file upload19.cif (mmCIF, C-alpha atoms)
data_run
loop_
_atom_site.label_atom_id
_atom_site.label_comp_id
_atom_site.auth_asym_id
_atom_site.auth_seq_id
_atom_site.Cartn_x
_atom_site.Cartn_y
_atom_site.Cartn_z
CA ILE W 1 33.32 -29.75 52.41
CA THR W 2 34.62 -27.69 49.53
CA HIS W 3 37.32 -29.00 47.20
CA ARG W 4 39.31 -26.01 46.05
CA GLY W 5 40.85 -27.82 43.14
CA THR W 6 44.54 -27.81 44.02
CA GLN W 7 46.48 -29.21 41.13
CA VAL W 8 46.33 -32.97 40.86
CA ARG W 9 48.52 -34.65 38.25
CA GLY W 10 48.68 -31.60 36.06
CA GLN W 11 44.94 -30.83 36.12
CA ARG W 12 43.98 -27.17 35.98
CA SER W 13 43.11 -25.70 39.37
CA ARG W 14 39.38 -25.31 39.81
CA SER W 15 36.83 -24.96 42.57
CA VAL W 16 34.39 -27.77 43.18
CA SER W 17 31.68 -27.40 45.81
CA VAL W 18 30.39 -30.68 47.17
CA ALA W 19 26.61 -30.44 47.11
CA PRO W 20 23.80 -32.91 46.39
CA VAL W 21 23.54 -31.79 42.77
CA HIS W 22 27.15 -32.87 42.13
CA VAL W 23 27.14 -36.33 43.67
CA ARG W 24 26.30 -39.69 42.22
CA THR W 25 23.29 -41.24 43.86
CA PRO W 26 23.23 -44.76 45.28
CA ALA W 27 20.72 -45.71 42.58
CA ARG W 28 23.45 -45.20 39.96
CA ASP W 29 26.28 -46.59 42.08
CA PRO W 30 25.32 -48.86 44.99
CA ALA W 31 28.69 -48.29 46.72
CA PRO W 32 29.24 -44.64 45.79
CA LEU W 33 32.20 -42.32 45.93
CA LEU W 34 30.25 -39.21 46.83
CA ILE W 35 33.08 -36.70 47.05
CA PRO W 36 34.77 -35.56 43.82
CA ARG W 37 37.36 -37.98 42.50
CA PRO W 38 40.18 -35.38 42.44
CA LEU W 39 39.58 -34.72 46.14
CA ALA W 40 39.52 -38.44 46.93
CA PHE W 41 42.78 -38.92 45.03
CA ALA W 42 44.39 -36.01 46.88
CA LEU W 43 43.30 -37.45 50.23
CA LEU W 44 44.67 -40.88 49.40
CA GLN W 45 48.01 -39.29 48.50
CA LEU W 46 48.33 -38.37 52.17
CA TYR W 47 49.12 -42.04 52.83
CA ASP W 48 52.38 -41.66 50.86
CA VAL W 49 55.28 -40.59 53.08
CA PRO W 50 59.08 -40.26 52.73
CA HIS W 51 60.96 -43.33 53.93
CA PRO W 52 62.75 -42.36 57.17
CA CYS W 53 65.50 -44.92 56.60
CA LYS W 54 66.01 -44.39 52.86
CA PRO W 55 66.51 -40.75 51.84
CA GLY W 56 64.81 -39.92 48.58
CA SER W 57 62.55 -42.97 48.75
CA LEU W 58 58.77 -42.77 49.14
CA ILE W 59 56.65 -45.34 50.98
CA ARG W 60 53.44 -45.65 49.00
CA GLY W 61 50.41 -46.01 51.25
CA TYR W 62 49.68 -49.70 51.63
CA ASP W 63 46.11 -49.06 52.81
CA ARG W 64 44.98 -46.80 49.96
CA PRO W 65 42.87 -49.33 48.00
CA HIS W 66 41.41 -50.73 51.24
CA ALA W 67 40.52 -47.23 52.44
CA LEU W 68 38.82 -46.32 49.16
CA ARG W 69 36.71 -49.49 49.07
CA THR W 70 35.80 -49.10 52.73
CA ALA W 71 34.73 -45.47 52.20
CA ARG W 72 32.46 -46.47 49.33
CA MET W 73 30.74 -49.15 51.40
CA CYS W 74 30.44 -46.84 54.40
CA ALA W 75 28.59 -44.25 52.32
CA ALA W 76 26.11 -46.88 51.14
CA VAL W 77 25.41 -48.18 54.64
CA ALA W 78 25.20 -44.71 56.20
CA LEU W 79 22.69 -43.58 53.57
CA ARG W 80 20.68 -46.78 54.03
CA LEU W 81 20.51 -45.99 57.76
CA GLY W 82 19.10 -42.54 56.99
CA HIS W 83 22.03 -40.23 57.68
CA PRO W 84 21.77 -36.91 55.80
CA LEU W 85 23.86 -36.56 52.69
CA ARG W 86 25.91 -33.58 53.88
CA ARG W 87 26.96 -35.52 56.97
CA VAL W 88 27.84 -38.55 54.85
CA LEU W 89 30.09 -36.38 52.66
CA SER W 90 32.23 -35.43 55.68
CA TYR W 91 32.01 -38.98 56.93
CA GLN W 92 33.38 -40.35 53.68
CA VAL W 93 36.44 -38.12 54.07
CA ALA W 94 37.04 -39.62 57.53
CA CYS W 95 36.58 -43.12 56.11
CA LEU W 96 39.10 -42.45 53.35
CA LEU W 97 41.63 -41.42 56.01
CA HIS W 98 40.72 -43.97 58.69
CA ASP W 99 44.03 -45.84 58.29
CA LEU W 100 46.21 -42.73 58.09
CA GLY W 101 47.87 -43.77 61.34
CA ARG W 102 49.49 -46.56 59.32
CA ALA W 103 51.05 -44.24 56.75
CA GLY W 104 54.60 -45.49 56.38
CA LEU W 105 53.69 -49.12 56.89
CA ASP W 106 56.61 -51.39 56.02
CA ARG W 107 54.78 -54.26 54.39
CA LYS W 108 57.45 -56.89 55.08
CA LEU W 109 58.38 -55.87 58.62
CA PHE W 110 54.81 -55.13 59.71
CA GLY W 111 53.71 -58.50 58.39
CA GLU W 112 56.54 -60.33 60.15
CA ILE W 113 55.85 -58.74 63.52
CA TRP W 114 52.10 -59.23 63.55
CA SER W 115 52.07 -62.67 61.94
CA TRP W 116 54.52 -63.71 64.66
CA ALA W 117 52.23 -62.26 67.32
CA ARG W 118 49.03 -63.77 65.95
CA LYS W 119 50.56 -67.25 65.72
CA ARG W 120 51.39 -67.03 69.44
CA GLY W 121 48.03 -65.67 70.51
CA ILE W 122 49.52 -62.32 71.54
CA PRO W 123 46.98 -59.47 71.54
CA THR W 124 47.33 -57.17 68.54
CA ARG W 125 44.83 -54.43 69.43
CA PRO W 126 44.88 -52.01 72.39
CA ARG W 127 41.55 -53.10 73.90
CA GLU W 128 42.54 -56.75 73.67
CA TRP W 129 45.99 -56.03 75.11
CA ARG W 130 44.47 -54.35 78.17
CA VAL W 131 42.32 -57.40 78.86
CA VAL W 132 45.35 -59.70 78.94
CA TYR W 133 47.70 -57.16 80.52
CA PRO W 134 45.49 -54.96 82.74
CA ASP W 135 48.49 -53.45 84.54
CA THR W 136 49.72 -51.73 81.38
CA PRO W 137 49.34 -47.93 81.76
CA TYR W 138 46.71 -46.64 79.35
CA GLY W 139 48.28 -45.52 76.09
CA LEU W 140 51.57 -47.32 76.65
CA GLU W 141 50.67 -50.60 75.00
CA THR W 142 53.46 -50.23 72.41
CA GLU W 143 56.09 -49.89 75.09
CA ALA W 144 54.66 -52.84 77.01
CA PHE W 145 54.68 -55.06 73.90
CA LEU W 146 58.30 -54.26 73.14
CA ALA W 147 59.32 -54.77 76.77
CA CYS W 148 57.67 -58.19 76.79
CA TYR W 149 58.59 -59.53 73.37
CA ALA W 150 61.51 -57.63 71.83
CA ASN W 151 64.02 -60.33 72.75
CA GLU W 152 61.81 -63.12 71.40
CA LEU W 153 61.26 -61.20 68.16
CA LYS W 154 65.01 -60.73 67.78
CA ALA W 155 65.58 -64.41 68.44
CA SER W 156 63.10 -65.14 65.63
CA GLY W 157 65.19 -63.08 63.24
CA ILE W 158 62.98 -59.97 63.27
CA PRO W 159 65.06 -56.81 63.73
CA ILE W 160 63.83 -54.58 66.55
CA ASP W 161 64.80 -50.93 66.30
CA ASP W 162 63.03 -47.57 66.13
CA TRP W 163 61.57 -48.44 62.72
CA ALA W 164 60.18 -51.71 64.08
CA GLY W 165 58.75 -49.73 66.99
CA GLU W 166 56.82 -47.63 64.49
CA GLN W 167 55.28 -50.80 63.04
CA VAL W 168 54.18 -51.86 66.53
CA GLU W 169 52.79 -48.36 67.16
CA MET W 170 50.63 -48.71 64.05
CA ARG W 171 48.53 -51.22 65.96
CA LEU W 172 49.03 -50.98 69.70
CA GLY W 173 49.62 -47.23 69.76
CA TYR W 174 47.25 -46.34 66.95
CA ALA W 175 45.58 -43.36 68.66
CA ARG W 176 48.92 -41.72 69.31
CA ARG W 177 50.18 -42.32 65.79
CA LEU W 178 46.93 -41.23 64.13
CA SER W 179 46.97 -38.02 66.15
CA ARG W 180 50.50 -37.26 64.90
CA SER W 181 49.54 -38.08 61.32
CA LEU W 182 46.45 -35.88 61.40
CA ARG W 183 48.39 -32.94 62.83
CA ALA W 184 50.88 -33.30 60.00
CA VAL W 185 48.22 -33.25 57.26
CA LYS W 186 45.85 -30.61 58.69
CA PRO W 187 47.43 -27.82 56.58
CA ARG W 188 46.94 -29.91 53.45
CA LEU W 189 43.33 -30.65 54.41
CA ALA W 190 42.74 -26.92 54.77
CA GLU W 191 44.22 -26.36 51.31
CA LEU W 192 41.80 -28.94 49.94
CA GLY W 193 38.87 -27.19 51.60
CA VAL W 194 38.16 -30.00 54.05
CA ARG W 195 36.70 -28.75 57.32
CA TRP W 196 37.85 -31.22 59.93
CA ALA W 197 35.49 -31.84 62.85
CA PRO W 198 36.45 -33.62 66.11
CA TRP W 199 33.80 -36.30 65.60
CA MET W 200 35.58 -37.45 62.44
CA GLY W 201 38.70 -38.40 64.39
CA ARG W 202 36.68 -40.16 67.09
CA VAL W 203 34.92 -42.27 64.47
CA MET W 204 38.30 -43.31 63.04
CA LEU W 205 39.50 -44.58 66.44
CA TYR W 206 36.44 -46.57 67.45
CA TYR W 207 37.63 -50.06 66.47
CA TYR W 208 40.76 -49.86 68.61
CA TYR W 209 39.40 -47.49 71.26
CA PRO W 210 35.62 -47.86 71.71
CA GLU W 211 35.88 -46.11 75.07
CA LYS W 212 36.68 -42.84 73.29
CA LEU W 213 33.06 -42.63 72.09
CA GLU W 214 31.55 -42.68 75.57
CA GLY W 215 29.09 -39.82 75.77
CA ALA W 216 29.12 -39.20 72.01
CA PRO W 217 25.82 -38.53 70.18
CA GLY W 218 24.08 -41.62 68.90
CA TRP W 219 24.67 -40.73 65.27
CA VAL W 220 28.43 -40.50 65.85
CA ARG W 221 28.46 -43.91 67.51
CA GLN W 222 26.47 -45.39 64.65
CA LEU W 223 28.80 -43.99 61.99
CA ALA W 224 31.74 -45.37 63.96
CA GLU W 225 30.09 -48.79 63.94
CA VAL W 226 29.46 -48.56 60.21
CA LEU W 227 33.15 -47.85 59.62
CA VAL W 228 34.19 -50.85 61.72
CA ALA W 229 31.68 -53.14 59.98
CA CYS W 230 32.64 -52.06 56.46
CA GLU W 231 36.36 -51.99 57.15
CA GLN W 232 36.31 -55.51 58.57
CA PHE W 233 34.07 -56.78 55.79
CA GLU W 234 36.58 -55.45 53.25
CA ALA W 235 39.58 -56.71 55.22
CA PHE W 236 38.13 -60.23 55.38
CA SER W 237 37.73 -60.09 51.60
CA ASN W 238 41.11 -58.46 50.87
CA ARG W 239 43.37 -61.13 49.43
CA GLN W 240 46.55 -59.06 49.53
CA ARG W 241 46.07 -58.12 53.19
CA GLY W 242 45.21 -61.69 54.05
CA GLN W 243 48.45 -62.95 52.56
CA ASP W 244 50.62 -60.14 53.90
CA TYR W 245 49.72 -60.04 57.57
CA TYR W 246 46.69 -62.10 58.44
CA THR W 247 48.36 -65.45 57.56
CA ARG W 248 45.17 -66.24 55.64
CA SER W 249 45.04 -68.50 52.61
CA LYS W 250 41.49 -67.78 51.41
CA GLU W 251 38.56 -65.43 51.92
CA THR W 252 34.91 -66.32 52.51
CA VAL W 253 31.75 -64.30 53.08
CA THR W 254 30.79 -66.69 55.85
CA GLU W 255 33.94 -65.96 57.85
CA ALA W 256 33.54 -62.23 57.34
CA PHE W 257 30.04 -62.18 58.77
CA ALA W 258 30.98 -64.58 61.53
CA TYR W 259 33.50 -61.97 62.68
CA LEU W 260 30.91 -59.19 62.44
CA ASP W 261 28.56 -61.31 64.54
CA LYS W 262 31.34 -61.72 67.09
CA LEU W 263 31.80 -57.95 67.26
CA MET W 264 28.06 -57.62 67.74
CA VAL W 265 28.15 -60.03 70.69
CA GLU W 266 31.03 -57.99 72.14
CA GLY W 267 28.95 -54.82 71.89
CA ILE W 268 31.18 -53.19 69.28
CA LEU W 269 28.55 -53.40 66.55
CA SER W 270 24.79 -52.98 66.80
CA LYS W 271 22.23 -55.25 65.22
CA GLN W 272 20.90 -52.37 63.13
CA VAL W 273 24.28 -51.71 61.49
CA VAL W 274 24.98 -55.37 60.75
CA GLN W 275 21.49 -55.78 59.31
CA ALA W 276 21.97 -52.83 56.97
CA LEU W 277 25.30 -54.23 55.76
CA ARG W 278 23.81 -57.68 55.28
CA ALA W 279 20.87 -56.30 53.31
CA LEU W 280 23.06 -54.29 50.95
CA ALA W 281 25.42 -57.22 50.45
CA ALA W 282 22.46 -59.48 49.66
CA GLU W 283 21.23 -56.98 47.08
CA GLY W 284 24.58 -57.11 45.31
CA ALA W 285 25.62 -53.58 46.28
CA PHE W 286 29.12 -54.72 47.23
CA ASP W 287 29.80 -57.35 44.57
CA ARG W 288 32.13 -55.05 42.65
CA VAL W 289 33.93 -53.93 45.80
CA LEU W 290 34.51 -57.51 46.90
CA THR W 291 35.74 -58.49 43.45
CA GLU W 292 38.25 -55.64 43.60
CA ALA W 293 39.34 -56.69 47.09
CA ARG W 294 39.95 -60.26 46.02
CA GLY W 295 41.51 -59.39 42.71
CA ALA W 296 39.34 -61.95 40.93
CA ALA W 297 35.72 -62.67 40.09
CA LEU W 298 33.67 -63.99 42.97
CA PRO W 299 33.10 -67.77 42.79
CA ARG W 300 29.51 -68.93 42.44
CA ARG W 301 29.48 -70.28 45.98
CA GLU W 302 30.42 -66.85 47.29
CA LEU W 303 27.73 -65.16 45.20
CA ARG W 304 25.22 -67.66 46.58
CA ALA W 305 26.41 -66.88 50.09
CA LEU W 306 25.95 -63.15 49.48
CA ARG W 307 22.45 -63.58 48.06
CA SER W 308 21.49 -65.86 50.96
CA LEU W 309 22.21 -63.03 53.41
CA ALA W 310 18.77 -61.67 52.57
CA VAL W 311 17.28 -64.57 54.51
CA GLY W 312 18.93 -63.44 57.72
CA ALA W 313 18.68 -59.70 57.13
CA ALA W 314 15.61 -59.36 59.32
CA TRP W 315 16.73 -61.36 62.35
#

call {"tool": "encode", "arguments": {"input": "upload19.cif", "output": "structure tokens"}}
result
Amino acid sequence: ITHRGTQVRGQRSRSVSVAPVHVRTPARDPAPLLIPRPLAFALLQLYDVPHPCKPGSLIRGYDRPHALRTARMCAAVALRLGHPLRRVLSYQVACLLHDLGRAGLDRKLFGEIWSWARKRGIPTRPREWRVVYPDTPYGLETEAFLACYANELKASGIPIDDWAGEQVEMRLGYARRLSRSLRAVKPRLAELGVRWAPWMGRVMLYYYYPEKLEGAPGWVRQLAEVLVACEQFEAFSNRQRGQDYYTRSKETVTEAFAYLDKLMVEGILSKQVVQALRALAAEGAFDRVLTEARGAALPRRELRALRSLAVGAAW
């Protein structure tokens, strides 16, 4: 990865080569941003898109803070698992962009649709949808959802039009939407000096589409698992997300790891990845990240819960 220093907020253009000598080590920052900050900022700007229904208006990327915190944790876990630094640099780029398929998220409408679905036990992820509705043609989960529930959503006062369809696509058609988003930003990535590799996109899709990693090298699968583990750990600690579309009133470390354990039972996460995350959390590596996600200092009970993870880190 080479950041060619395109102008960011008036900064002078310069060339920055990402190499070990230029990065902050985990010893100095336990949840590090390894790539240069100007590059990270430029990548996060890709989440901002023009509003299709309001000319001249920009939809600021809802997932930007979540993506940044997730990418920092992912780097820490990947390095703990022994992945080489140069690989982790490219991986952190993928982690920063892992929610790019939700660029354009309408916070109010997205929250209304998926809170409505969750309250009724309706599947909200492609792999879960296919379990409940096995006759749905692969890749057409968005269309199936709208065919089944559009009338009920309308009756609940939620407008269903093309824009609402985009909000459904952000979950049930995520692979399709991410593919479109990546195609749109590839020229910008090239300008930034980011060399995009196919494995980076596959890692980004793993949570919704684990089948897409069949036959992938073990290291790719493990990095995909790390992204899922860190993303979910952050999401279960993210107060704004919890209020907006998880219908959650509070966040706890216990619930976060209970969900990771569930994913491990389902075969989505490996024991090795969950252990590495637990160990780092117990050491305090993610205290600052979790504080940022919650928007407030961690209560003592939560700090005790984090420190107690060391007890179970070896199981």

call {"tool": "resolve_selection", "arguments": {"input": "upload19.cif", "expression": "the PyMOL selection byres ((chain W and resi 69-86) around 9)", "output": "ChimeraX atom specification"}}
result
/W:1,18-20,26,30-34,64-68,87-98,219,222-223,226-227,229-235,272-273,276-277,280,285-286,289-290,292-293

call {"tool": "residues_around", "arguments": {"input": "upload19.cif", "residues": "Tyr174 in chain W", "least_positions_apart": "5", "cutoff": "9 Å", "atoms": "only C-alpha atoms", "output": "PDB file with C-alpha atoms, in the coordinates of the input"}}
result
ATOM      1  CA  GLY W 101      47.870 -43.770  61.340  1.00  0.00           C
ATOM      2  CA  ARG W 102      49.490 -46.560  59.320  1.00  0.00           C
ATOM      3  CA  ARG W 125      44.830 -54.430  69.430  1.00  0.00           C
ATOM      4  CA  PRO W 126      44.880 -52.010  72.390  1.00  0.00           C
ATOM      5  CA  VAL W 168      54.180 -51.860  66.530  1.00  0.00           C
ATOM      6  CA  GLU W 169      52.790 -48.360  67.160  1.00  0.00           C
ATOM      7  CA  SER W 179      46.970 -38.020  66.150  1.00  0.00           C
ATOM      8  CA  LEU W 205      39.500 -44.580  66.440  1.00  0.00           C
ATOM      9  CA  TYR W 208      40.760 -49.860  68.610  1.00  0.00           C
TER      10      TYR W 208
END

call {"tool": "residues_around", "arguments": {"input": "upload19.cif", "residues": "Val132 in chain W", "least_positions_apart": "5", "cutoff": "10 Å", "atoms": "only C-alpha atoms", "output": "ChimeraX atom specification"}}
result
/W:122-123,127

call {"tool": "atom_distance", "arguments": {"input": "upload19.cif", "atom1": "CA of Gly193 in chain W", "atom2": "CA of Arg28 in chain W"}}
result
26.4 Å

call {"tool": "closest_atom_pairs", "arguments": {"input": "upload19.cif", "of": "range 35-123 of chain W", "to": "range 134-157 of chain W", "cutoff": "12 Å", "atoms": "only C-alpha atoms", "output": "Markdown table"}}
result
| residue | atom | partner | partner_atom | distance |
| --- | --- | --- | --- | --- |
| W:Leu109 | CA | W:Gly157 | CA | 10.9 |
| W:Glu112 | CA | W:Leu153 | CA | 9.3 |
| W:Ile113 | CA | W:Leu153 | CA | 7.5 |
| W:Trp114 | CA | W:Leu153 | CA | 10.4 |
| W:Ser115 | CA | W:Leu153 | CA | 11.2 |
| W:Trp116 | CA | W:Leu153 | CA | 8.0 |
| W:Ala117 | CA | W:Leu153 | CA | 9.1 |
| W:Arg120 | CA | W:Tyr149 | CA | 11.1 |
| W:Ile122 | CA | W:Phe145 | CA | 9.2 |
| W:Pro123 | CA | W:Phe145 | CA | 9.2 |

call {"tool": "resolve_selection", "arguments": {"input": "upload19.cif", "expression": "the PyMOL selection byres ((chain W and resi 206) around 10)", "output": "JSON, numbers by chain"}}
result
{"W": [175, 201, 202, 203, 204, 205, 207, 208, 209, 210, 211, 212, 213, 221, 223, 224, 225, 227, 228, 268]}

call {"tool": "resolve_selection", "arguments": {"input": "upload19.cif", "expression": "the PyMOL selection byres ((chain W and resi 45-47) around 8)", "output": "VMD selection string"}}
result
chain W and resid 41 to 44 48 to 49 60 to 64 100 102 to 104 185

call {"tool": "atom_distance", "arguments": {"input": "upload19.cif", "atom1": "CA of Ala164 in chain W", "atom2": "CA of Arg188 in chain W"}}
result
27.6 Å

call {"tool": "atom_distance", "arguments": {"input": "upload19.cif", "atom1": "CA of Leu58 in chain W", "atom2": "CA of Met170 in chain W"}}
result
18.0 Å
